[in-house]
$ cat query-v7.cif   # mmCIF, C-alpha atoms
data_final
#
loop_
_atom_site.label_atom_id
_atom_site.label_comp_id
_atom_site.auth_asym_id
_atom_site.auth_seq_id
_atom_site.Cartn_x
_atom_site.Cartn_y
_atom_site.Cartn_z
CA MET A 1 217.60 227.09 -28.86
CA THR A 2 215.05 226.39 -31.57
CA ARG A 3 215.30 223.51 -34.05
CA ASP A 4 214.22 222.68 -37.61
CA SER A 5 210.99 220.83 -38.26
CA GLY A 6 211.51 219.10 -40.29
CA SER A 7 194.20 235.95 -52.84
CA ALA A 8 191.79 234.39 -50.41
CA SER A 9 189.04 235.39 -48.09
CA SER A 10 190.37 235.38 -44.54
CA SER A 11 188.89 233.62 -41.55
CA GLN A 12 188.90 235.03 -38.03
CA PRO A 13 190.11 232.45 -35.50
CA SER A 14 188.59 232.99 -32.09
CA GLY A 15 190.91 234.74 -29.65
CA GLY A 16 190.87 238.31 -30.94
CA VAL A 17 193.75 238.08 -33.43
CA PRO A 18 193.10 240.37 -36.44
CA ALA A 19 192.59 238.69 -39.81
CA PRO A 20 195.40 239.15 -42.33
CA HIS A 21 195.03 241.90 -44.95
CA ASP A 22 194.09 240.44 -48.36
CA GLY A 23 194.31 236.94 -46.90
CA VAL A 24 198.12 236.97 -46.90
CA LEU A 25 200.60 237.87 -44.16
CA PRO A 26 204.15 239.00 -44.81
CA ILE A 27 206.89 237.10 -43.01
CA PRO A 28 206.93 238.73 -39.53
CA GLN A 29 210.19 240.42 -38.59
CA PRO A 30 211.84 240.53 -35.15
CA ASP A 31 210.79 243.30 -32.79
CA GLY A 32 210.12 243.86 -29.10
CA GLN A 33 206.81 241.98 -29.13
CA PRO A 34 207.60 238.52 -30.55
CA LEU A 35 204.37 236.93 -29.30
CA SER A 36 202.38 239.18 -31.63
CA HIS A 37 204.24 237.64 -34.57
CA VAL A 38 203.45 234.11 -33.41
CA LEU A 39 199.77 235.06 -33.11
CA ALA A 40 199.88 236.51 -36.61
CA ALA A 41 201.43 233.32 -37.98
CA LEU A 42 198.66 231.28 -36.29
CA ASN A 43 195.96 233.48 -37.83
CA LEU A 44 195.48 231.31 -40.91
CA ALA A 45 193.73 232.57 -44.06
CA ARG A 46 190.91 230.32 -45.26
CA VAL A 47 191.08 229.57 -48.99
CA GLU A 48 188.36 226.91 -49.11
CA GLU A 49 186.36 225.02 -46.49
CA THR A 50 189.28 222.74 -45.59
CA THR A 51 192.25 224.64 -47.07
CA PHE A 52 194.24 227.36 -45.31
CA THR A 53 197.38 229.38 -45.95
CA ALA A 54 199.88 230.92 -43.52
CA PRO A 55 203.30 232.60 -43.45
CA SER A 56 206.39 231.52 -41.55
CA LEU A 57 208.23 233.26 -38.76
CA PRO A 58 211.91 234.16 -39.15
CA ALA A 59 214.11 231.29 -38.01
CA LEU A 60 217.76 230.40 -37.62
CA MET A 61 219.39 229.08 -40.81
CA GLY A 62 216.22 229.87 -42.78
CA ARG A 63 214.43 226.67 -41.76
CA ILE A 64 210.95 226.69 -40.28
CA TYR A 65 210.71 225.99 -36.56
CA GLY A 66 208.82 222.70 -36.19
CA GLY A 67 206.58 223.93 -33.37
CA GLN A 68 205.29 226.69 -35.64
CA VAL A 69 204.03 224.44 -38.43
CA LEU A 70 202.56 221.93 -35.94
CA ALA A 71 200.69 224.71 -34.12
CA GLN A 72 199.42 226.06 -37.45
CA ALA A 73 198.16 222.59 -38.36
CA MET A 74 196.21 222.45 -35.09
CA MET A 75 194.62 225.82 -35.89
CA ALA A 76 193.63 224.57 -39.34
CA ALA A 77 192.13 221.33 -38.02
CA GLY A 78 190.22 223.09 -35.24
CA GLN A 79 188.50 225.46 -37.66
CA THR A 80 186.84 222.55 -39.48
CA THR A 81 185.19 220.86 -36.48
CA PRO A 82 181.44 221.10 -35.77
CA ASP A 83 179.85 223.25 -33.07
CA ASP A 84 176.50 221.86 -31.96
CA GLY A 85 175.63 225.08 -30.16
CA ASP A 86 177.34 224.21 -26.87
CA GLY A 87 180.80 225.47 -27.78
CA PRO A 88 183.59 224.16 -30.02
CA ARG A 89 185.02 220.70 -29.61
CA LEU A 90 188.31 220.80 -27.69
CA LEU A 91 191.62 219.65 -29.13
CA HIS A 92 192.71 216.71 -26.97
CA SER A 93 195.43 214.90 -28.92
CA CYS A 94 197.68 215.02 -31.97
CA HIS A 95 200.19 212.65 -33.53
CA GLY A 96 202.40 213.98 -36.29
CA TYR A 97 205.52 213.41 -38.36
CA PHE A 98 207.92 216.06 -39.61
CA LEU A 99 208.64 214.88 -43.15
CA ARG A 100 210.95 217.54 -44.54
CA PRO A 101 212.51 220.80 -43.36
CA GLY A 102 210.47 223.86 -44.37
CA LYS A 103 211.90 227.11 -45.70
CA VAL A 104 210.91 230.49 -44.25
CA ASP A 105 211.08 232.20 -47.64
CA SER A 106 207.93 230.47 -48.90
CA GLY A 107 204.37 230.34 -47.56
CA LEU A 108 202.53 227.27 -46.32
CA ARG A 109 199.27 225.62 -47.32
CA PHE A 110 197.33 223.39 -44.92
CA GLU A 111 195.00 220.75 -46.35
CA VAL A 112 192.55 219.30 -43.81
CA GLU A 113 190.84 215.94 -44.31
CA LYS A 114 187.68 215.28 -42.31
CA LEU A 115 188.14 211.69 -41.20
CA HIS A 116 185.28 211.41 -38.70
CA ASP A 117 182.61 213.41 -36.87
CA GLY A 118 180.83 211.43 -34.15
CA ARG A 119 178.59 212.46 -31.29
CA SER A 120 181.58 213.07 -29.01
CA PHE A 121 184.74 213.10 -31.13
CA SER A 122 186.01 214.60 -34.39
CA THR A 123 189.17 213.40 -36.13
CA ARG A 124 191.15 215.35 -38.70
CA ARG A 125 194.24 214.70 -40.80
CA VAL A 126 196.30 217.75 -41.81
CA HIS A 127 199.07 218.01 -44.38
CA ALA A 128 201.31 221.07 -44.35
CA ILE A 129 202.36 221.75 -47.94
CA GLN A 130 205.21 223.93 -49.17
CA ARG A 131 206.07 224.23 -52.87
CA GLU A 132 203.59 221.39 -53.54
CA THR A 133 205.50 219.06 -51.21
CA PRO A 134 204.28 217.88 -47.77
CA ILE A 135 206.56 218.85 -44.87
CA LEU A 136 204.28 217.70 -42.00
CA SER A 137 201.50 215.13 -41.67
CA VAL A 138 199.47 215.02 -38.47
CA ILE A 139 196.22 213.54 -37.14
CA ALA A 140 194.35 215.46 -34.44
CA SER A 141 191.32 214.55 -32.34
CA PHE A 142 188.73 216.87 -30.77
CA GLN A 143 186.10 216.13 -28.11
CA GLU A 144 182.90 217.68 -26.85
CA SER A 145 183.18 219.01 -23.29
CA GLN A 146 181.88 216.13 -21.19
CA PRO A 147 181.88 215.03 -17.52
CA GLY A 148 183.93 212.06 -16.34
CA ARG A 149 186.21 210.58 -13.67
CA SER A 150 189.36 212.57 -12.96
CA HIS A 151 192.83 211.97 -11.50
CA GLN A 152 196.36 213.18 -12.22
CA ASP A 153 200.01 212.93 -11.21
CA ARG A 154 201.32 215.51 -8.77
CA MET A 155 203.54 218.36 -9.86
CA PRO A 156 207.08 218.43 -8.43
CA ILE A 157 207.35 221.01 -5.66
CA GLY A 158 210.05 223.39 -4.52
CA TYR A 159 210.53 225.51 -7.63
CA ASP A 160 209.65 229.21 -7.94
CA PRO A 161 209.94 230.39 -11.56
CA GLU A 162 210.32 234.02 -10.51
CA MET A 163 213.56 233.14 -8.70
CA LEU A 164 215.16 231.31 -11.66
CA PRO A 165 217.38 232.89 -14.34
CA SER A 166 215.64 233.78 -17.60
CA ALA A 167 216.86 232.41 -20.92
CA ILE A 168 215.74 235.64 -22.61
CA GLU A 169 218.02 237.69 -20.35
CA LEU A 170 220.87 235.25 -21.03
CA PHE A 171 220.41 235.53 -24.80
CA ALA A 172 220.37 239.33 -24.60
CA SER A 173 223.69 239.33 -22.72
CA VAL A 174 225.57 237.05 -25.11
CA ASP A 175 227.45 238.53 -28.08
CA HIS A 176 226.49 235.80 -30.53
CA PRO A 177 224.17 236.14 -33.58
CA ALA A 178 222.01 233.15 -32.60
CA ALA A 179 221.61 234.39 -29.01
CA GLN A 180 220.72 237.92 -30.14
CA PHE A 181 218.20 236.51 -32.63
CA LEU A 182 216.52 234.43 -29.92
CA ALA A 183 216.44 237.38 -27.52
CA LEU A 184 214.47 239.35 -30.11
CA THR A 185 212.18 236.62 -31.44
CA GLY A 186 211.61 234.25 -28.49
CA ALA A 187 207.89 234.41 -27.68
CA PHE A 188 208.24 232.48 -24.40
CA ASP A 189 210.36 233.08 -21.30
CA ILE A 190 212.13 229.80 -20.47
CA ARG A 191 213.62 229.03 -17.05
CA HIS A 192 215.44 225.81 -16.12
CA THR A 193 215.45 224.63 -12.52
CA ALA A 194 218.87 222.93 -12.79
CA GLY A 195 220.69 225.18 -15.25
CA ASN A 196 220.33 225.43 -19.03
CA MET A 197 222.49 223.90 -21.77
CA TYR A 198 222.52 226.73 -24.28
CA LEU A 199 226.20 227.69 -24.01
CA HIS A 200 227.73 224.92 -21.89
CA PRO A 201 226.91 221.26 -21.15
CA ALA A 202 224.90 220.49 -18.04
CA HIS A 203 226.88 219.52 -14.95
CA ASP A 204 224.38 216.81 -14.01
CA ARG A 205 224.30 213.99 -16.57
CA LYS A 206 220.70 213.12 -15.81
CA ALA A 207 217.98 212.20 -18.28
CA GLU A 208 215.49 214.39 -16.41
CA GLN A 209 214.87 218.10 -16.07
CA CYS A 210 212.19 220.62 -15.10
CA VAL A 211 211.56 223.80 -17.10
CA TRP A 212 209.18 226.70 -16.50
CA MET A 213 207.70 228.73 -19.37
CA ARG A 214 205.20 231.48 -20.02
CA ALA A 215 204.35 233.85 -22.85
CA ARG A 216 206.45 237.03 -22.80
CA SER A 217 203.46 239.34 -23.31
CA PRO A 218 199.72 239.20 -22.55
CA LEU A 219 197.34 237.34 -24.83
CA PRO A 220 194.28 239.06 -26.35
CA GLU A 221 191.18 239.04 -24.18
CA GLY A 222 188.99 236.03 -24.92
CA THR A 223 191.77 233.91 -26.43
CA SER A 224 190.19 230.57 -27.38
CA GLN A 225 191.29 227.20 -26.03
CA LEU A 226 192.17 226.16 -29.58
CA LEU A 227 194.68 229.01 -29.80
CA GLN A 228 195.93 228.43 -26.24
CA ARG A 229 196.55 224.76 -26.96
CA ALA A 230 198.22 225.55 -30.28
CA LEU A 231 200.52 227.98 -28.47
CA LEU A 232 201.42 225.25 -25.99
CA VAL A 233 202.48 222.88 -28.77
CA TYR A 234 204.42 225.77 -30.32
CA ALA A 235 206.31 226.28 -27.03
CA CYS A 236 206.74 222.56 -26.39
CA ASP A 237 208.97 221.86 -29.39
CA GLN A 238 211.72 224.11 -27.99
CA VAL A 239 212.63 221.81 -25.10
CA MET A 240 211.38 218.29 -25.82
CA LEU A 241 214.80 216.85 -26.72
CA GLU A 242 216.77 218.63 -23.99
CA PRO A 243 216.76 215.62 -21.60
CA VAL A 244 218.68 213.73 -24.30
CA LEU A 245 221.30 216.49 -24.47
CA ARG A 246 221.49 216.74 -20.68
CA ARG A 247 222.03 213.00 -20.26
CA HIS A 248 224.99 213.08 -22.68
CA SER A 249 226.45 216.41 -21.51
CA ILE A 250 225.85 218.16 -24.86
CA ALA A 251 225.22 221.90 -25.20
CA TRP A 252 223.09 223.48 -27.91
CA LEU A 253 226.23 225.25 -29.17
CA HIS A 254 228.20 221.99 -29.38
CA GLU A 255 230.31 222.23 -32.53
CA GLY A 256 228.77 220.33 -35.43
CA ILE A 257 225.63 219.25 -33.57
CA SER A 258 222.61 218.36 -35.71
CA VAL A 259 219.22 218.19 -33.98
CA ALA A 260 215.81 217.88 -35.66
CA SER A 261 212.33 216.84 -34.56
CA LEU A 262 211.13 213.64 -36.25
CA ASP A 263 207.68 213.18 -34.73
CA HIS A 264 205.54 214.66 -31.99
CA SER A 265 202.58 213.42 -29.96
CA MET A 266 200.63 215.49 -27.47
CA TRP A 267 197.60 215.08 -25.24
CA TRP A 268 195.72 217.98 -23.65
CA HIS A 269 194.00 217.07 -20.38
CA ARG A 270 192.67 220.36 -19.03
CA ASP A 271 192.26 223.99 -20.07
CA VAL A 272 195.50 225.85 -20.75
CA ASP A 273 196.57 229.45 -20.08
CA VAL A 274 200.04 230.07 -21.50
CA SER A 275 200.10 233.67 -20.21
CA ASP A 276 200.86 232.24 -16.75
CA TRP A 277 203.73 229.97 -15.77
CA PHE A 278 203.55 226.30 -16.74
CA MET A 279 206.13 223.63 -15.95
CA PHE A 280 207.55 220.77 -18.03
CA ARG A 281 208.65 217.73 -16.03
CA GLN A 282 210.78 215.94 -18.61
CA HIS A 283 212.49 212.58 -19.07
CA SER A 284 214.38 210.74 -21.80
CA PRO A 285 213.99 206.97 -21.45
CA SER A 286 216.29 206.12 -24.37
CA ALA A 287 218.68 207.35 -27.05
CA GLN A 288 220.21 205.18 -29.79
CA GLY A 289 221.10 205.20 -33.48
CA GLY A 290 221.27 208.99 -33.67
CA ARG A 291 217.73 209.30 -32.25
CA GLY A 292 216.52 210.26 -28.77
CA LEU A 293 213.11 210.15 -27.13
CA GLY A 294 211.86 212.91 -24.85
CA THR A 295 208.69 212.89 -22.78
CA ALA A 296 206.99 215.60 -20.72
CA THR A 297 204.14 216.10 -18.30
CA ILE A 298 203.05 219.74 -18.26
CA PHE A 299 201.54 221.45 -15.20
CA ASP A 300 200.14 224.92 -14.69
CA ARG A 301 201.29 227.01 -11.75
CA SER A 302 198.44 225.77 -9.53
CA GLY A 303 199.57 222.15 -10.02
CA ARG A 304 196.95 221.04 -12.56
CA LEU A 305 198.24 218.56 -15.13
CA VAL A 306 197.22 220.27 -18.38
CA ALA A 307 199.04 218.21 -21.02
CA SER A 308 201.48 215.40 -21.78
CA ALA A 309 203.84 215.11 -24.74
CA ALA A 310 206.38 212.80 -26.37
CA GLN A 311 208.83 213.48 -29.16
CA GLU A 312 211.53 211.51 -30.93
CA GLY A 313 214.25 213.49 -32.63
CA MET A 314 217.51 213.16 -34.47
CA VAL A 315 220.49 214.03 -32.26
CA ARG A 316 223.87 213.74 -33.98
CA VAL A 317 227.33 215.00 -33.01
CA PRO A 318 230.55 214.62 -35.03
CA ALA A 319 232.15 212.25 -32.52
CA ASP A 320 229.43 209.68 -33.28
CA GLY A 321 230.69 209.42 -36.85
CA MET A 322 227.57 210.72 -38.64
CA VAL A 323 226.19 214.27 -38.91
#
$ encode --input "query-v7.cif" --output "structure tokens"
Amino acid sequence: MTRDSGSASSSQPSGGVPAPHDGVLPIPQPDGQPLSHVLAALNLARVEETTFTAPSLPALMGRIYGGQVLAQAMMAAGQTTPDDGDGPRLLHSCHGYFLRPGKVDSGLRFEVEKLHDGRSFSTRRVHAIQRETPILSVIASFQESQPGRSHQDRMPIGYDPEMLPSAIELFASVDHPAAQFLALTGAFDIRHTAGNMYLHPAHDRKAEQCVWMRARSPLPEGTSQLLQRALLVYACDQVMLEPVLRRHSIAWLHEGISVASLDHSMWWHRDVDVSDWFMFRQHSPSAQGGRGLGTATIFDRSGRLVASAAQEGMVRVPADGMV
């Protein structure tokens, strides 16, 4: 289940996504190709050199999905970095705070601040603005492609995503407005190795889980690494706090539950292709005070460690005395 986040000339982000007509996109509506709407939302319109605008996707309860605005911020930052003729600098890390919940009935403006451009690294700060109020603040770093020593953790073995039940198929089979909405709009197929927690609490009260994901439809030919990495952060926000829920036997449909992302950090280690299966190995080391921390190492299907992530979020249930 998804959570809250907390007239210009258009620019063409690499990856083959068409530029918006008149620099403005309408709010995309649900249909049978939800990934196309995510790509449209990530196709920002450039207003000035470091200012961009973008629409929001439809979302439950009318609040912007946090992964959307964070991915849009990465697209904005990446379009302001230098290219010395050897290809664009690659997004390798971001650290952001969700400041306020956004509303899907109003567009977004992204203001990029150029903090540093060195020989190897570029650093950008991005504010996502809605109704003249910041809803997200994030710093992102980009690096030239360079050689160096390499090692990584090993991916857990023994899981075949094709043999696991699909969350999309589950949503489509459930007569509930939220489930039907997610079946229509979910851009990624999500498959848990030890059972999901959408309708019922997990049987295993563990603070760990493994989840497979991939985009539900093909990406345009030549999709850039900037867009691929932005799509990964978009997908990531859907599951980062699930180890907290699993550890405390809480389902997403728990009555009165309140869950929201507070901050998000991510590191990209290797090239990403979200059109093929990638796996989250997740853990929650702690929960306290209505907050829980989730971590993830993310592998592609061949076993390459492509990214790592950490997120703290608010997790409140009525029995705890504060919602």
$ atom_distance --input "query-v7.cif" --atom1 "CA of Leu60 in chain A" --atom2 "CA of Gln311 in chain A"
20.9 Å
$ atom_distance --input "query-v7.cif" --atom1 "CA of Ser56 in chain A" --atom2 "CA of Gln68 in chain A"
7.7 Å
$ residues_around --input "query-v7.cif" --residues "range 168-170 of chain A" --least-positions-apart "6" --cutoff "12 Å" --atoms "all atoms listed in the file" --output "list in words"
Met1, Gly32, Pro34, His176, Ala178, Ala179, Gln180, Phe181, Leu182, Ala183, Leu184, Thr185, Gly186, Ala187, Phe188, Asp189, Ile190, Arg191, His192, Gly195, Asn196, Met197, Tyr198, Leu199, Met213, Arg214, Ala215 and Arg216 of chain A
$ atom_distance --input "query-v7.cif" --atom1 "CA of Ala309 in chain A" --atom2 "CA of Thr297 in chain A"
6.5 Å
$ resolve_selection --input "query-v7.cif" --expression "the PyMOL selection byres ((chain A and resi 244) around 12)" --output "PyMOL selection string"
chain A and resi 197+201-202+205-209+239-243+245-252+259+282-288+290-295+311-316
$ closest_residue --input "query-v7.cif" --among "A:Leu90, A:Arg125, A:Ala71, A:Gly78" --to "Asp271 in chain A" --atoms "only C-alpha atoms"
A:Leu90
$ closest_residue --input "query-v7.cif" --among "A:Ile64, A:Met74, A:Val112, A:Leu35" --to "Thr50 in chain A" --atoms "all atoms listed in the file"
A:Val112
$ closest_residue --input "query-v7.cif" --among "A:Ser217, A:Gln225, A:Thr51, A:Ser261" --to "Ala128 in chain A" --atoms "only C-alpha atoms"
A:Thr51
$ closest_residue --input "query-v7.cif" --among "A:Pro101, A:Gly303, A:Gly96, A:Pro55" --to "Tyr159 in chain A" --atoms "all atoms listed in the file"
A:Gly303
$ closest_residue --input "query-v7.cif" --among "A:His264, A:His151, A:Arg119, A:His92" --to "Ala307 in chain A" --atoms "all atoms listed in the file"
A:His92
$ resolve_selection --input "query-v7.cif" --expression "the PyMOL selection byres ((chain A and resi 233) around 9)" --output "list in words"
Gly67, Gln68, Leu70, Ala71, Met74, Gln228, Arg229, Ala230, Leu231, Leu232, Tyr234, Ala235, Cys236, Asp237, Met266 and Ala309 of chain A
